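*Asks:* Here you go, protein24.tsv (TSV, C-alpha atoms):
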```tsv
chain	number	residue	atom	x	y	z
S	1	MET	CA	0.91	52.89	-5.99
S	2	GLN	CA	0.92	49.50	-7.72
S	3	ASN	CA	2.72	49.28	-11.03
S	4	ILE	CA	0.34	48.56	-13.94
S	5	TYR	CA	1.88	46.66	-16.82
S	6	ASP	CA	0.80	47.12	-20.40
S	7	LEU	CA	1.03	43.36	-20.88
S	8	VAL	CA	1.18	40.42	-18.48
S	9	VAL	CA	2.25	37.05	-19.90
S	10	ILE	CA	1.66	33.88	-17.89
S	11	GLY	CA	4.21	31.18	-18.70
S	12	GLY	CA	7.87	31.39	-19.64
S	13	GLY	CA	8.08	28.73	-22.34
S	14	ILE	CA	8.94	28.90	-26.01
S	15	SER	CA	5.43	29.92	-27.07
S	16	SER	CA	5.31	33.03	-24.89
S	17	SER	CA	8.94	33.92	-25.66
S	18	THR	CA	8.16	33.74	-29.40
S	19	PHE	CA	5.11	35.95	-28.88
S	20	ILE	CA	7.05	38.53	-26.87
S	21	THR	CA	10.09	38.76	-29.14
S	22	ASN	CA	7.84	39.19	-32.17
S	23	ILE	CA	5.76	42.04	-30.71
S	24	LEU	CA	8.95	43.80	-29.57
S	25	LYS	CA	10.41	43.35	-33.03
S	26	LYS	CA	7.23	44.90	-34.48
S	27	GLY	CA	7.61	47.95	-32.24
S	28	PHE	CA	5.59	47.28	-29.08
S	29	LYS	CA	6.69	49.95	-26.57
S	30	GLY	CA	4.83	48.83	-23.45
S	31	LYS	CA	6.07	47.39	-20.19
S	32	ILE	CA	5.78	43.59	-19.93
S	33	ALA	CA	5.59	41.21	-16.95
S	34	VAL	CA	6.48	37.55	-17.52
S	35	VAL	CA	5.13	35.29	-14.76
S	36	GLU	CA	6.55	31.76	-14.51
S	37	ALA	CA	5.92	29.07	-11.90
S	38	GLY	CA	9.38	27.54	-12.41
S	39	ARG	CA	12.78	28.79	-11.35
S	40	GLY	CA	13.65	30.00	-14.86
S	41	LEU	CA	12.53	30.20	-18.44
S	42	GLY	CA	11.94	27.16	-20.62
S	43	GLY	CA	8.65	25.53	-19.73
S	44	ARG	CA	8.56	22.08	-21.33
S	45	CYS	CA	11.74	23.09	-23.19
S	46	SER	CA	13.58	23.43	-19.89
S	47	THR	CA	17.11	22.29	-19.20
S	48	ARG	CA	17.97	20.57	-15.93
S	49	TYR	CA	21.35	21.26	-14.33
S	50	SER	CA	23.03	18.63	-12.18
S	51	TYR	CA	22.93	19.20	-8.42
S	52	LYS	CA	26.48	17.85	-8.18
S	53	ASN	CA	27.96	20.03	-10.93
S	54	LYS	CA	26.09	23.01	-12.40
S	55	LYS	CA	28.11	22.75	-15.63
S	56	LEU	CA	26.41	19.44	-16.40
S	57	ALA	CA	23.11	20.03	-18.20
S	58	LEU	CA	20.37	17.96	-19.83
S	59	ASN	CA	17.55	19.04	-22.13
S	60	HIS	CA	15.09	16.99	-20.13
S	61	GLY	CA	11.84	18.09	-21.76
S	62	CYS	CA	11.55	18.82	-25.48
S	63	PRO	CA	15.12	18.46	-26.81
S	64	ASN	CA	14.36	19.52	-30.38
S	65	PHE	CA	11.75	20.77	-32.80
S	66	ASN	CA	11.07	20.02	-36.43
S	67	VAL	CA	9.49	21.70	-39.43
S	68	LYS	CA	7.88	19.59	-42.13
S	69	TYR	CA	9.30	20.08	-45.60
S	70	SER	CA	5.84	20.87	-46.98
S	71	LEU	CA	5.12	23.68	-44.53
S	72	LYS	CA	5.39	27.03	-46.32
S	73	ASN	CA	4.75	30.05	-44.14
S	74	SER	CA	6.69	33.27	-44.54
S	75	TYR	CA	6.41	34.29	-40.86
S	76	LEU	CA	7.66	30.92	-39.67
S	77	ASN	CA	10.40	30.66	-42.32
S	78	ASP	CA	11.69	34.14	-41.45
S	79	PHE	CA	11.62	33.26	-37.75
S	80	ILE	CA	13.60	30.04	-38.22
S	81	SER	CA	16.09	31.79	-40.53
S	82	GLU	CA	16.67	34.48	-37.91
S	83	LEU	CA	17.36	31.90	-35.19
S	84	ILE	CA	19.88	30.18	-37.48
S	85	ASP	CA	21.52	33.47	-38.48
S	86	LYS	CA	21.89	34.50	-34.83
S	87	ASN	CA	23.38	31.07	-34.01
S	88	LEU	CA	20.61	30.21	-31.57
S	89	ILE	CA	19.68	26.91	-33.22
S	90	ARG	CA	21.43	24.32	-35.36
S	91	SER	CA	20.42	21.37	-37.49
S	92	LEU	CA	20.33	17.86	-36.05
S	93	GLU	CA	20.96	16.29	-39.44
S	94	ASN	CA	22.32	12.70	-39.27
S	95	SER	CA	21.96	12.64	-35.47
S	96	CYS	CA	18.57	10.92	-35.21
S	97	PHE	CA	17.84	7.22	-35.70
S	98	GLU	CA	14.51	5.42	-35.59
S	99	LEU	CA	14.32	1.81	-34.46
S	100	ASP	CA	11.68	-0.72	-35.39
S	101	GLU	CA	10.44	-3.65	-33.29
S	102	ASN	CA	13.51	-5.67	-34.38
S	103	TYR	CA	15.76	-2.77	-33.27
S	104	LYS	CA	16.78	-2.20	-36.87
S	105	LEU	CA	18.10	1.33	-37.31
S	106	SER	CA	16.84	3.68	-39.96
S	107	LYS	CA	17.55	7.32	-40.84
S	108	ILE	CA	14.16	7.57	-42.55
S	109	LEU	CA	12.17	9.18	-39.77
S	110	ASN	CA	8.39	8.92	-39.71
S	111	ASN	CA	8.06	10.12	-36.13
S	112	ASN	CA	6.02	13.33	-35.77
S	113	PHE	CA	8.77	14.91	-33.64
S	114	TYR	CA	11.47	14.29	-36.27
S	115	PHE	CA	9.88	14.39	-39.71
S	116	GLY	CA	11.36	17.12	-41.95
S	117	ASN	CA	14.05	19.57	-40.83
S	118	VAL	CA	15.12	18.90	-37.23
S	119	TYR	CA	16.67	21.60	-35.03
S	120	THR	CA	18.01	21.94	-31.52
S	121	SER	CA	19.51	24.76	-29.47
S	122	THR	CA	23.13	25.71	-30.10
S	123	PHE	CA	23.65	25.80	-26.32
S	124	ASN	CA	20.72	24.24	-24.47
S	125	MET	CA	16.95	24.59	-24.71
S	126	SER	CA	16.56	26.88	-21.69
S	127	LYS	CA	19.23	29.18	-23.13
S	128	LEU	CA	17.33	29.22	-26.41
S	129	VAL	CA	14.16	30.44	-24.67
S	130	GLU	CA	16.16	32.99	-22.65
S	131	SER	CA	17.96	34.30	-25.74
S	132	LEU	CA	14.74	34.41	-27.72
S	133	ILE	CA	12.72	36.38	-25.18
S	134	ASN	CA	15.54	38.93	-24.77
S	135	LEU	CA	16.38	39.22	-28.47
S	136	TYR	CA	14.63	42.59	-28.82
S	137	ASN	CA	14.45	43.53	-25.14
S	138	THR	CA	17.03	46.27	-25.69
S	139	LYS	CA	15.14	48.84	-23.60
S	140	ASN	CA	14.58	46.50	-20.64
S	141	GLN	CA	10.82	46.39	-21.15
S	142	ILE	CA	10.44	43.01	-19.42
S	143	ASP	CA	10.20	42.21	-15.71
S	144	PHE	CA	10.43	38.53	-14.76
S	145	TYR	CA	8.56	36.92	-11.87
S	146	PHE	CA	9.86	33.39	-11.28
S	147	GLU	CA	8.57	30.80	-8.81
S	148	THR	CA	5.22	32.56	-9.03
S	149	LEU	CA	2.33	30.14	-9.35
S	150	ILE	CA	-0.88	31.89	-10.41
S	151	VAL	CA	-4.02	30.62	-8.68
S	152	LYS	CA	-6.53	33.40	-9.32
S	153	LEU	CA	-7.53	35.75	-12.15
S	154	ASN	CA	-9.67	38.86	-11.88
S	155	PHE	CA	-10.90	41.23	-14.59
S	156	ASN	CA	-12.30	44.58	-13.51
S	157	SER	CA	-12.46	48.04	-15.09
S	158	GLU	CA	-10.50	46.85	-18.14
S	159	LEU	CA	-7.60	45.66	-15.97
S	160	TRP	CA	-6.43	42.14	-15.19
S	161	THR	CA	-5.20	41.26	-11.72
S	162	ILE	CA	-3.45	37.94	-11.30
S	163	VAL	CA	-2.78	36.50	-7.86
S	164	SER	CA	-0.15	33.91	-6.89
S	165	ASN	CA	-0.34	31.19	-4.25
S	166	LYS	CA	1.77	33.49	-2.06
S	167	ASN	CA	-0.72	36.34	-2.57
S	168	LYS	CA	1.54	38.23	-4.95
S	169	LYS	CA	-0.60	40.52	-7.15
S	170	ILE	CA	0.35	41.71	-10.64
S	171	VAL	CA	-1.88	44.07	-12.64
S	172	GLY	CA	-1.93	44.54	-16.39
S	173	LYS	CA	-3.98	46.06	-19.20
S	174	PHE	CA	-3.73	42.96	-21.39
S	175	LEU	CA	-3.26	39.32	-20.39
S	176	VAL	CA	-1.74	36.45	-22.38
S	177	SER	CA	-1.80	32.89	-21.08
S	178	SER	CA	0.54	30.43	-22.76
S	179	SER	CA	-0.61	27.72	-20.36
S	180	ASN	CA	-4.10	26.26	-20.52
S	181	LEU	CA	-3.95	25.17	-16.88
S	182	LEU	CA	-5.91	28.26	-15.86
S	183	LEU	CA	-8.70	27.20	-18.23
S	184	HIS	CA	-8.77	23.51	-17.35
S	185	LYS	CA	-10.53	21.61	-14.58
S	186	ARG	CA	-7.25	19.93	-13.58
S	187	SER	CA	-6.35	23.32	-12.08
S	188	LEU	CA	-8.77	22.58	-9.23
S	189	ASP	CA	-6.46	19.91	-7.80
S	190	ILE	CA	-3.11	21.26	-8.98
S	191	LEU	CA	-3.73	24.82	-7.75
S	192	ASN	CA	-6.01	23.82	-4.86
S	193	VAL	CA	-8.77	26.21	-5.94
S	194	ARG	CA	-12.58	25.90	-5.98
S	195	GLU	CA	-13.17	27.32	-9.47
S	196	ILE	CA	-11.30	27.29	-12.77
S	197	PRO	CA	-9.42	30.64	-12.59
S	198	LEU	CA	-10.56	31.97	-15.99
S	199	ARG	CA	-14.14	30.90	-15.25
S	200	GLU	CA	-14.04	32.75	-11.94
S	201	ALA	CA	-12.77	35.89	-13.69
S	202	ILE	CA	-15.40	35.84	-16.46
S	203	ASN	CA	-18.84	34.50	-15.64
S	204	LYS	CA	-20.51	32.02	-17.96
S	205	LYS	CA	-22.52	33.58	-20.83
S	206	ASN	CA	-20.66	36.88	-20.47
S	207	ASN	CA	-18.55	36.11	-23.54
S	208	ILE	CA	-19.09	33.50	-26.25
S	209	LYS	CA	-15.38	33.09	-27.03
S	210	ILE	CA	-14.38	32.57	-23.39
S	211	ASP	CA	-17.19	30.05	-22.87
S	212	GLU	CA	-16.12	28.13	-25.98
S	213	ILE	CA	-12.39	28.04	-25.23
S	214	ILE	CA	-13.03	26.79	-21.66
S	215	LYS	CA	-15.46	24.15	-22.94
S	216	LEU	CA	-13.12	22.89	-25.69
S	217	THR	CA	-9.99	23.01	-23.51
S	218	ASN	CA	-11.69	20.76	-20.97
S	219	LYS	CA	-12.32	18.16	-23.66
S	220	GLN	CA	-8.59	17.82	-24.35
S	221	LYS	CA	-6.58	14.96	-22.93
S	222	TYR	CA	-2.85	14.68	-22.37
S	223	ILE	CA	-0.06	12.16	-22.69
S	224	LYS	CA	1.64	11.84	-19.33
S	225	ARG	CA	5.33	11.06	-19.45
S	226	SER	CA	8.08	10.14	-17.01
S	227	ASN	CA	11.64	10.98	-17.98
S	228	PHE	CA	14.78	9.55	-16.39
S	229	LEU	CA	17.75	11.90	-16.18
S	230	ILE	CA	21.05	10.06	-16.13
S	231	TYR	CA	24.72	11.04	-15.86
S	232	THR	CA	27.46	8.50	-16.42
S	233	LYS	CA	30.93	8.31	-14.97
S	234	LYS	CA	33.63	10.06	-17.02
S	235	ASN	CA	35.35	8.79	-20.16
S	236	TYR	CA	32.34	7.14	-21.76
S	237	TYR	CA	31.49	7.43	-25.41
S	238	LEU	CA	29.25	5.84	-28.00
S	239	GLU	CA	30.68	3.75	-30.82
S	240	GLY	CA	31.29	4.63	-34.46
S	241	ILE	CA	28.60	6.72	-36.14
S	242	PHE	CA	26.89	7.25	-32.80
S	243	ASP	CA	29.83	9.09	-31.24
S	244	ARG	CA	28.40	12.61	-31.54
S	245	ASP	CA	27.70	15.58	-29.30
S	246	ILE	CA	23.97	14.79	-29.47
S	247	ILE	CA	22.32	11.57	-30.62
S	248	HIS	CA	18.63	10.62	-30.61
S	249	PHE	CA	17.26	7.08	-30.68
S	250	ILE	CA	13.53	7.03	-31.43
S	251	PHE	CA	11.44	3.87	-31.08
S	252	ASN	CA	8.45	3.06	-33.25
S	253	GLU	CA	5.17	2.08	-31.59
S	254	LYS	CA	5.89	-1.66	-31.53
S	255	ALA	CA	9.41	-1.13	-30.18
S	256	GLN	CA	8.04	1.22	-27.50
S	257	ARG	CA	5.76	-1.52	-26.23
S	258	GLU	CA	8.68	-3.97	-26.21
S	259	ILE	CA	11.31	-1.86	-24.44
S	260	GLY	CA	9.05	0.64	-22.67
S	261	PHE	CA	11.05	3.65	-23.90
S	262	GLU	CA	9.76	6.30	-26.29
S	263	ARG	CA	13.19	7.75	-27.10
S	264	ILE	CA	16.69	8.04	-25.65
S	265	ILE	CA	18.68	11.26	-25.99
S	266	PHE	CA	22.46	11.35	-25.44
S	267	GLN	CA	24.21	14.64	-24.76
S	268	LYS	CA	27.98	14.76	-24.33
S	269	GLN	CA	29.10	16.73	-21.29
S	270	PHE	CA	32.14	18.97	-20.90
S	271	ASP	CA	33.89	16.52	-18.54
S	272	THR	CA	33.81	13.46	-20.91
S	273	SER	CA	30.74	12.01	-19.21
S	274	LEU	CA	27.44	11.36	-20.95
S	275	GLY	CA	24.11	12.88	-20.10
S	276	ILE	CA	21.14	10.70	-21.01
S	277	VAL	CA	17.42	11.37	-20.99
S	278	VAL	CA	15.17	8.32	-21.26
S	279	HIS	CA	11.63	9.32	-22.32
S	280	THR	CA	8.84	6.93	-21.31
S	281	LYS	CA	5.08	7.00	-21.70
S	282	ASP	CA	2.26	4.59	-20.86
S	283	MET	CA	4.43	3.11	-18.06
S	284	GLU	CA	3.01	4.96	-15.09
S	285	SER	CA	1.63	1.94	-13.22
S	286	ILE	CA	4.81	-0.12	-13.74
S	287	LEU	CA	7.13	2.70	-12.69
S	288	ASP	CA	5.00	3.70	-9.71
S	289	ASN	CA	4.97	0.10	-8.44
S	290	TYR	CA	8.77	-0.03	-8.60
S	291	GLU	CA	9.12	3.34	-6.92
S	292	ARG	CA	6.81	2.37	-4.08
S	293	GLU	CA	9.04	-0.63	-3.36
S	294	ASP	CA	12.37	1.15	-3.60
S	295	LYS	CA	13.76	3.91	-5.81
S	296	VAL	CA	17.06	2.06	-6.05
S	297	ILE	CA	15.27	-0.96	-7.55
S	298	LEU	CA	13.46	1.30	-10.04
S	299	TYR	CA	16.66	2.99	-11.15
S	300	GLN	CA	18.42	-0.36	-11.48
S	301	PHE	CA	15.51	-1.57	-13.62
S	302	ILE	CA	15.92	1.43	-15.97
S	303	SER	CA	19.71	1.08	-15.99
S	304	ASN	CA	19.54	-2.61	-16.93
S	305	LYS	CA	17.08	-1.99	-19.77
S	306	LEU	CA	19.23	0.86	-21.07
S	307	ASN	CA	22.49	-1.08	-20.99
S	308	ASN	CA	20.91	-4.17	-22.54
S	309	PHE	CA	19.66	-2.08	-25.44
S	310	LEU	CA	23.00	-0.31	-25.97
S	311	ILE	CA	25.20	-3.39	-25.87
S	312	LYS	CA	22.84	-5.59	-27.87
S	313	ASN	CA	22.85	-3.06	-30.70
S	314	HIS	CA	26.62	-2.33	-30.55
S	315	ILE	CA	26.04	1.29	-29.54
S	316	THR	CA	28.43	0.74	-26.65
S	317	PHE	CA	30.71	-2.20	-25.88
S	318	LYS	CA	30.47	-2.02	-22.10
S	319	ASN	CA	27.91	-1.18	-19.44
S	320	LEU	CA	27.56	2.49	-18.65
S	321	LEU	CA	28.43	3.14	-15.02
S	322	LEU	CA	25.97	5.67	-13.72
S	323	ASP	CA	26.97	8.57	-11.52
S	324	ASP	CA	23.47	9.90	-10.97
S	325	ILE	CA	19.88	9.10	-11.97
S	326	SER	CA	16.60	10.81	-11.17
S	327	ARG	CA	13.01	10.78	-12.35
S	328	MET	CA	11.06	13.71	-13.80
S	329	ASN	CA	7.27	13.41	-14.02
S	330	TRP	CA	5.37	15.58	-16.50
S	331	ARG	CA	1.80	16.22	-15.40
S	332	ALA	CA	0.58	17.08	-18.91
S	333	SER	CA	3.27	16.91	-21.53
S	334	GLN	CA	1.41	16.68	-24.83
S	335	PRO	CA	-2.20	17.47	-25.76
S	336	ILE	CA	-4.06	14.90	-27.83
S	337	GLY	CA	-7.48	14.89	-29.45
S	338	GLU	CA	-9.08	18.02	-30.84
S	339	GLY	CA	-6.97	21.16	-30.66
S	340	ILE	CA	-8.41	24.60	-29.90
S	341	PRO	CA	-9.42	26.56	-33.04
S	342	GLU	CA	-7.06	29.41	-33.90
S	343	ARG	CA	-9.99	31.88	-34.02
S	344	LEU	CA	-10.19	31.65	-30.20
S	345	GLN	CA	-6.63	32.93	-29.64
S	346	LEU	CA	-7.71	36.51	-29.04
S	347	CYS	CA	-10.68	37.86	-27.09
S	348	GLU	CA	-10.70	41.61	-27.72
S	349	GLU	CA	-13.62	42.35	-25.38
S	350	TYR	CA	-11.70	41.11	-22.35
S	351	ASN	CA	-8.14	42.01	-23.43
S	352	ILE	CA	-6.90	38.44	-23.24
S	353	GLY	CA	-5.00	36.17	-25.62
S	354	PHE	CA	-3.80	32.57	-25.62
S	355	CYS	CA	-0.93	30.67	-27.21
S	356	GLY	CA	0.66	27.25	-26.86
S	357	ASP	CA	0.92	23.86	-28.50
S	358	TRP	CA	-2.72	23.15	-27.63
S	359	PHE	CA	-4.07	25.11	-30.63
S	360	GLN	CA	-5.11	23.24	-33.78
S	361	ILE	CA	-2.45	24.61	-36.09
S	362	GLU	CA	0.54	23.10	-37.87
S	363	GLY	CA	2.67	21.37	-35.24
S	364	TYR	CA	-0.20	20.81	-32.78
S	365	GLY	CA	1.12	19.12	-29.66
S	366	SER	CA	4.78	19.93	-30.37
S	367	VAL	CA	7.39	22.67	-29.98
S	368	LEU	CA	6.65	23.81	-33.54
S	369	GLY	CA	2.99	24.25	-32.62
S	370	ALA	CA	3.98	26.33	-29.59
S	371	ILE	CA	6.25	28.53	-31.73
S	372	PHE	CA	3.68	28.90	-34.51
S	373	SER	CA	0.91	29.85	-32.09
S	374	GLY	CA	3.15	32.52	-30.54
S	375	LEU	CA	3.83	34.00	-33.98
S	376	LYS	CA	0.15	33.95	-34.92
S	377	LEU	CA	-0.97	35.57	-31.66
S	378	SER	CA	1.70	38.27	-31.93
S	379	ASN	CA	0.36	39.31	-35.35
S	380	LYS	CA	-3.22	39.43	-34.02
S	381	PHE	CA	-2.12	41.35	-30.90
S	382	ILE	CA	-0.20	44.05	-32.82
S	383	LYS	CA	-3.19	44.70	-35.09
S	384	PHE	CA	-5.49	44.95	-32.07
S	385	TYR	CA	-3.40	46.81	-29.50
```
Written as structure tokens, that's how I'd like the structure from this file.

*Replies:*
Amino acid sequence: MQNIYDLVVIGGGISSSTFITNILKKGFKGKIAVVEAGRGLGGRCSTRYSYKNKKLALNHGCPNFNVKYSLKNSYLNDFISELIDKNLIRSLENSCFELDENYKLSKILNNNFYFGNVYTSTFNMSKLVESLINLYNTKNQIDFYFETLIVKLNFNSELWTIVSNKNKKIVGKFLVSSSNLLLHKRSLDILNVREIPLREAINKKNNIKIDEIIKLTNKQKYIKRSNFLIYTKKNYYLEGIFDRDIIHFIFNEKAQREIGFERIIFQKQFDTSLGIVVHTKDMESILDNYEREDKVILYQFISNKLNNFLIKNHITFKNLLLDDISRMNWRASQPIGEGIPERLQLCEEYNIGFCGDWFQIEGYGSVLGAIFSGLKLSNKFIKFY
């Protein structure tokens, strides 16, 4: 007989982990299935480990999150305080520098990802998500299904059945989707399906909320990014005030157009090498043209731009010799435009909820928005369930 879960959560990122830890903290006793397409937890907060040495790690997606000074919310404040108390996150104070079009450094950050109090994981971002989701999993209530890409949803007799591309079926009484892929028309190409999965599960005009969330989700657009993951040879360091375990260089809009980089994140490694993540956006056509010619030429192009920036601004005194470089493409890394109204997070009639950075709440389009939506959904879920 097939196991029926009390709750099935699609997506293993920080939004769903926040949702799960909060309902467990509030006393949820049911059995939970977490279904994730990737090889581990993290989502866009994932950490990439080097193929050459698994001890080398880079926060290659969202390396931090920030809370605006003006934001006063008791649930969020208590959540952040608990993460600090349990040594899961730490402040990034004095580790972030913004650069203008003249490459002049400033510690006054106006960037949406850095304004206010800035935090990062004490270990790495994947470990943060792992620790968070298991914080109150003391009775082993959670089963994890990794490398499980959901392509079909079905709702029947008050039960949800989700089906993977390998025909794996998981059944649950309540469904939470932290990804909006299953609501969005881009799923047709990505998942190679004929119908948007949520639309196939619930026919049009059967529920006003479902119709509205599908309609509004499909109006959203996304910033596509390419990140370059770089490891240097050993015994490299940054100069003076920049010689820290983690350092962030953020470029303003004019500087981004000049250099082509959105931000550069340095992370010291255990073996005296440097790990570097170069975030780019709006460079797809340029990068694709280089890659079609030769990946080596593309990587040399990125390496030259990086070294020119570092030496010109006295961040290093010599070229960084690279040991490894690779490219990571994000299909949909940040929603832009109108967010989804919070009132659509929970559809009681069909036992389904939604969370993620795509809701129009404080932190929309960022890690904070993902966390906040998870907290808000957890409170709605506990009252309903």

*Asks:* Might you pull out every residue within 8 Å of Cys62 of chain S, with all atoms listed in the file counted and same-chain residues fewer than 3 positions away left off, and present them as a PyMOL selection string?

*Replies:* chain S and resi 44-46+59+65+125+367

*Asks:* Just to confirm, what's the straight-line distance from atom CA of Ser106 of chain S to atom CA of Phe249 of chain S in Å (one decimal)?

*Replies:*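 So the two atoms, atom CA of Ser106 of chain S and atom CA of Phe249 of chain S, lie 9.9 Å apart.
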
*Asks:* Residues near Lys254 of chain S, anyone? I mean within 10 Å using all atoms listed in the file, not counting same-chain ones fewer than 2 positions away, as an MDAnalysis selection string.

*Replies:* chainID S and resid 99:102 251:252 256:260

*Asks:* Smallest atom-to-atom distance to Gly353 of chain S: which of S:Asn180, S:Asn53, S:Gln220, S:Asn329, using all atoms listed in the file?

*Replies:* S:Asn180

*Asks:* Identify, on the basis of all atoms listed in the file, every residue whose closest approach to segment 137-140 of chain S does not exceed 12 Å; exclude the query and any residue fewer than 5 positions from it along the same chain; express the result as a ChimeraX atom specification.

*Replies:* /S:17,20-33,130-132

*Asks:* Considering all atoms listed in the file, can you say which of S:Ala255, S:Leu135, S:Ile214, S:Leu287 comes closest to Gln345 of chain S?

*Replies:* S:Ile214

*Asks:* For segment 318-324 of chain S, work out the shell of residues within 9 Å, counting all atoms listed in the file and skipping chain neighbours fewer than 5 positions away, then give it as a ChimeraX atom specification.

*Replies:* /S:50,52,229-234,236,303-304,306-308,310-311

*Asks:* Any chance you can output those residues with C-alpha atoms as a PDB file, in the frame of the given file?

*Replies:*
```pdb
ATOM      1  CA  SER S  50      23.030  18.630 -12.180  1.00  0.00           C
ATOM      2  CA  LYS S  52      26.480  17.850  -8.180  1.00  0.00           C
ATOM      3  CA  LEU S 229      17.750  11.900 -16.180  1.00  0.00           C
ATOM      4  CA  ILE S 230      21.050  10.060 -16.130  1.00  0.00           C
ATOM      5  CA  TYR S 231      24.720  11.040 -15.860  1.00  0.00           C
ATOM      6  CA  THR S 232      27.460   8.500 -16.420  1.00  0.00           C
ATOM      7  CA  LYS S 233      30.930   8.310 -14.970  1.00  0.00           C
ATOM      8  CA  LYS S 234      33.630  10.060 -17.020  1.00  0.00           C
ATOM      9  CA  TYR S 236      32.340   7.140 -21.760  1.00  0.00           C
ATOM     10  CA  SER S 303      19.710   1.080 -15.990  1.00  0.00           C
ATOM     11  CA  ASN S 304      19.540  -2.610 -16.930  1.00  0.00           C
ATOM     12  CA  LEU S 306      19.230   0.860 -21.070  1.00  0.00           C
ATOM     13  CA  ASN S 307      22.490  -1.080 -20.990  1.00  0.00           C
ATOM     14  CA  ASN S 308      20.910  -4.170 -22.540  1.00  0.00           C
ATOM     15  CA  LEU S 310      23.000  -0.310 -25.970  1.00  0.00           C
ATOM     16  CA  ILE S 311      25.200  -3.390 -25.870  1.00  0.00           C
TER      17      ILE S 311
END
```

*Asks:* Quote the spacing between atom CA of Gly116 of chain S and atom CA of Glu93 of chain S in Å to one decimal place.

*Replies:*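 Calculated distance between atom CA of Gly116 of chain S and atom CA of Glu93 of chain S is 10.0 Å.
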
*Asks:* Ranking S:Leu238, S:Lys224, S:Thr217, S:Thr280 by minimum distance to Leu344 of chain S and counting all atoms listed in the file, which one comes first?

*Replies:*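 Among the listed residues, the smallest separation from Leu344 of chain S belongs to S:Thr217.
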
*Asks:* Rounded to one decimal place, report the atom CA of Tyr350 of chain S-atom CA of Tyr136 of chain S distance in Å.

*Replies:*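 Between atom CA of Tyr350 of chain S and atom CA of Tyr136 of chain S the gap is 27.2 Å.
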
*Asks:* S:Leu149, S:Ala57, S:Val163, S:Ile241: which is nearest Glu36 of chain S, counting only C-alpha atoms?

*Replies:* S:Leu149
